[in-house]
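Read the structure below first, then the notes.
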Amino acid sequence: MNLQLILLYVSISILILALILIMVRFIKGPSLPDRIISLDLISSALIAILALYSMISGTKSTLEVALVLSLITFLGTMVFANYILEKIKK
């Protein structure tokens, strides 16, 4: 095991810990915007985990999955933001 592989495993474990804390924020979030932001952070952490896994395993197909996931979550965040704006206007 070289240093780069050790650092990749440490990075994944830190991201998993961050993912757990974000899930707590998602569950306890007092308002809808807090939950939407935490949902966006969950997807960002999952994309980062997929990218690090791709580096560890050496496969490029997981990077394509991460790219598609990032596009879908961006569109989802925009839809939620539009929903909040429409809700405020009423």
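Here, A, B, ... name the chains of the structure tokens in the order displayed, residue numbers run from 1 inside each chain, and ligands are numbered from 1 in the same displayed order.
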Practice task
Please provide as a ChimeraX atom specification all residues within 9 Å of A:Thr77, with the sequence filter that same-chain residues fewer than 5 positions apart are discarded (counting only C-alpha atoms).
Solution key: /A:36-37,39-40,72,82
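When the distance limit is 12 Å and only C-alpha atoms are what count, the residues near stretch 51-65 of chain A, minus those fewer than 3 positions from it on the same chain, are Met1, Asn2, Gln4, Leu5, Ile6, Leu7, Leu8, Tyr9, Val10, Ser11, Ile12, Ser13, Ile14, Leu15, Ile16, Ser44, Ala45, Leu46, Ile47, Ala48, Val68, Leu69, Ser70, Leu71 and Ile72 of chain A.
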Write out the residues from the selection above, keeping N, CA and C atoms, as a CSV table (one decimal), in the first residue's frame.
```
chain,number,residue,atom,x,y,z
A,1,MET,N,0.8,-1.2,0.0
A,1,MET,CA,0.0,0.0,0.0
A,1,MET,C,0.9,1.2,0.0
A,2,ASN,N,0.6,2.1,-1.0
A,2,ASN,CA,1.4,3.3,-1.0
A,2,ASN,C,0.6,4.5,-0.3
A,4,GLN,N,-0.6,7.3,-1.5
A,4,GLN,CA,-1.7,7.8,-2.2
A,4,GLN,C,-3.0,6.9,-1.9
A,5,LEU,N,-2.8,5.6,-1.9
A,5,LEU,CA,-4.0,4.7,-1.6
A,5,LEU,C,-4.5,4.9,-0.2
A,6,ILE,N,-3.6,5.1,0.7
A,6,ILE,CA,-3.9,5.3,2.1
A,6,ILE,C,-4.7,6.6,2.2
A,7,LEU,N,-4.2,7.7,1.6
A,7,LEU,CA,-4.9,9.0,1.6
A,7,LEU,C,-6.3,8.9,0.9
A,8,LEU,N,-6.5,8.1,-0.1
A,8,LEU,CA,-7.8,7.9,-0.7
A,8,LEU,C,-8.7,7.2,0.2
A,9,TYR,N,-8.3,6.2,0.9
A,9,TYR,CA,-9.2,5.5,1.9
A,9,TYR,C,-9.5,6.5,3.1
A,10,VAL,N,-8.6,7.3,3.5
A,10,VAL,CA,-8.9,8.2,4.6
A,10,VAL,C,-9.9,9.3,4.1
A,11,SER,N,-9.7,9.7,2.9
A,11,SER,CA,-10.6,10.7,2.3
A,11,SER,C,-12.1,10.1,2.2
A,12,ILE,N,-12.2,8.9,1.8
A,12,ILE,CA,-13.5,8.3,1.7
A,12,ILE,C,-14.1,8.1,3.1
A,13,SER,N,-13.3,7.8,4.1
A,13,SER,CA,-13.9,7.6,5.4
A,13,SER,C,-14.3,9.0,6.0
A,14,ILE,N,-13.6,10.1,5.7
A,14,ILE,CA,-14.0,11.4,6.1
A,14,ILE,C,-15.3,11.8,5.4
A,15,LEU,N,-15.4,11.5,4.1
A,15,LEU,CA,-16.6,11.8,3.4
A,15,LEU,C,-17.8,11.1,3.9
A,16,ILE,N,-17.6,9.8,4.3
A,16,ILE,CA,-18.7,9.0,4.9
A,16,ILE,C,-19.1,9.6,6.2
A,44,SER,N,-23.5,15.9,-3.4
A,44,SER,CA,-22.1,16.3,-3.7
A,44,SER,C,-21.2,15.3,-3.0
A,45,ALA,N,-21.5,14.9,-1.8
A,45,ALA,CA,-20.6,13.9,-1.1
A,45,ALA,C,-20.6,12.6,-1.8
A,46,LEU,N,-21.8,12.2,-2.3
A,46,LEU,CA,-21.8,10.9,-3.0
A,46,LEU,C,-21.0,11.0,-4.3
A,47,ILE,N,-21.1,12.1,-5.0
A,47,ILE,CA,-20.3,12.3,-6.2
A,47,ILE,C,-18.8,12.2,-5.9
A,48,ALA,N,-18.4,12.9,-4.8
A,48,ALA,CA,-17.0,12.8,-4.4
A,48,ALA,C,-16.5,11.4,-4.0
A,68,VAL,N,-23.3,12.0,-14.6
A,68,VAL,CA,-24.8,12.0,-14.7
A,68,VAL,C,-25.5,12.4,-13.5
A,69,LEU,N,-25.0,11.9,-12.3
A,69,LEU,CA,-25.6,12.2,-11.0
A,69,LEU,C,-25.5,13.7,-10.7
A,70,SER,N,-24.3,14.3,-11.1
A,70,SER,CA,-24.2,15.7,-10.8
A,70,SER,C,-25.1,16.5,-11.7
A,71,LEU,N,-25.4,16.1,-12.9
A,71,LEU,CA,-26.3,16.9,-13.8
A,71,LEU,C,-27.7,16.7,-13.3
A,72,ILE,N,-28.1,15.6,-12.8
A,72,ILE,CA,-29.5,15.3,-12.3
A,72,ILE,C,-29.7,16.1,-11.0
```
Problem - Interatomic distance, atom CA of A:Pro33 to atom CA of A:Leu85 (Å, one decimal) - result: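 Computing it gives 10.8 Å between the two atoms.
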